Structure formats: structure tokens, C-alpha cells
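What follows is a set of notes on a single structure, which appears directly below.
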Amino acid sequence: MRKTVLFFIALAFLCGNDLSYGQELKTQRLLNEKQKLLDNAIEEIVYLKGEKETLKLEADFFEKKYQHTITALNLIREGRHFEAAEELDKITQLDPRDLSSLDAAAVLYSELKIYDKAIDSFKKQIQLNPQDEKIYSNIGFLFAQQSNHDQAIDYYLKALSLNPDFPVTHYNLGLTYIQLGERGKAVQHFKTAASLFEEGSQWQKLSNDKATRYSALKAGN
């Protein structure tokens, strides 16, 4: 009898220890799960705060671009082209990939005969759109306006390598060769330009595109 009682006491003691140890494990597991949930919640809060800050920065960015654009358009309507070009420069400082603002600034600086700034704006466009032959042709024209004929020819030829059927480039290249006394090359490009002009479609499209873009710019669309 005494041995049996001792056996049950020992068994109870051992089982009690096992239950206590199991409870400790369960409690620790719950604590770990709660800590994991808490860590996830903190990560989510940090993420949401970051998203909110990002959205705020994006809103500020577009608001600044919008304000500079409106100011530039108003200045163009008032004939204050230099100030308008400076506003467009501010836009491209905010967003260096804004091709339309780079192009508008280049056009305005060209009209003002501020050729270095116009060329700089066109060159920035090349970095974004290196296959647009019109950009190279425009730079060639600006160099020609400054009697920098070698540079002009380089850019005209690059434009023609991208599009040999661009009549304006052939015509302007012919003019540049005339300035250099190379009449044979000039006549060759004049003939090509005349042939392309007679086809009509490209010249008409170019004229329409330029007129539409200029009208839109003046109207503020």
C-alpha cells in the first residue's frame, strides 16, 4: 500500500511538472505570435506613413509643374518670351524628362536668338529621344545661324541618317554648302529637297504639325 501511494505521489508530481512546462510553452508561443503581429503592425504603419509622404511629394511636384506651366503660357500670350522660357526651364529642372517643355523652351530661345540655350534644350531632348531626326536638324539650323557650318553639317547629316526623306534638312544643308562654296553638293541636296517637296505629304504634315503646336501653345491648350 505504502509503495502504491508513493508511486501515485511521484506520478502526480511528474505530471504536474509536465503540465506546467506545457503551459509555459503555450504562453511563450502566444507571446511570440503577439510580438509578430505587433511587428507586422509597426511595419504597416511605417509603410503607410511612407506612402502618405510619397503621395504628398508627388502632389507638390505636379502642383509646381502646373503653376510654372500656367505662368509660362500667360507670359507667351503677353509676348514675354524670355521670361516664359525661364519658366519652362524651371519645369525641366523639376522634371528633366519633360520633352514638351524642353521643346517649347528651345523654340522660344531660338526665336529670341539665344542660340546657346536653344541648342542646350535640343541636346537634352536627344538624350530622351535619340532617334528623332527633327531634333538634329533643328540643332544644325541653329549652328548654321551662327555661321558654325561644320557643326551644322554634322547635325544635318545625322538627321538624314535617321530619315533621308526629310526635305527641310536637305534644303538647309544645301544652304550651308552654298555658304561654304560647295555648289555641287548644294545642288544635289536642293534637287532632293525639291523632289520631296513635290510629293507634298511630308512638307504639308510638317507645316500642319508646326501650326497646330504653335496655335495650341498660344491658346494655352
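The way I read the labels, and the way they are meant: chains A, B, ... in the order of the C-alpha cells, residue 1 as the first residue of every chain, and ligand 1 as the first ligand shown, with later ones counted on from there.
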*Find the residues around region 137-146 of chain A up to 12 Å (only C-alpha atoms counted), leave out those fewer than 3 positions away in its own chain, and share them as a ChimeraX atom specification.*
/A:103,106-107,109-126,131-134,149-164,166-180
*Apply DSSP to the structure's backbone, then extract all residues of region 49-214 of chain A labelled helix (DSSP H, G or I) and return them as a PyMOL selection string.*
chain A and resi 49-77+81-94+99-111+115-128+133-145+149-162+167-179+183-199+201-214
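Our summary of the geometry notes that CA of Ala104 (chain A) is positioned 16.3 Å from CA of Gln127 (chain A).
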*At what distance in Å, to one decimal, does CA of Gly79 (chain A) lie from CA of Asn148 (chain A)?*
29.2 Å
*Excluding same-chain residues fewer than 2 positions from Asp98 (chain A), what lies within 12 Å of it counting only C-alpha atoms, as a PyMOL selection string?*
chain A and resi 65+69+88-96+100-105+121+124-125+127-129
For the selection you just gave me, I'd like the residues written to a file as a CSV table (one decimal), in the first residue's frame, keeping C-alpha atoms.
chain,number,residue,atom,x,y,z
A,65,LYS,CA,4.8,72.0,-62.7
A,69,THR,CA,3.2,75.9,-67.0
A,88,LEU,CA,9.8,76.3,-68.9
A,89,ASP,CA,13.4,75.8,-67.7
A,90,LYS,CA,12.1,75.6,-64.1
A,91,ILE,CA,9.7,72.8,-65.2
A,92,THR,CA,12.6,70.9,-66.8
A,93,GLN,CA,14.6,71.3,-63.6
A,94,LEU,CA,11.8,69.7,-61.7
A,95,ASP,CA,11.3,67.0,-64.4
A,96,PRO,CA,14.3,66.6,-66.8
A,100,SER,CA,7.2,69.2,-74.4
A,101,SER,CA,8.7,71.8,-72.0
A,102,LEU,CA,12.2,71.2,-73.4
A,103,ASP,CA,10.9,71.7,-76.9
A,104,ALA,CA,8.9,74.8,-76.1
A,105,ALA,CA,11.9,76.4,-74.3
A,121,SER,CA,17.4,72.4,-74.8
A,124,LYS,CA,18.6,67.5,-73.7
A,125,GLN,CA,15.9,66.2,-76.0
A,127,GLN,CA,19.2,62.2,-74.6
A,128,LEU,CA,15.5,61.3,-74.2
A,129,ASN,CA,14.6,60.8,-77.9
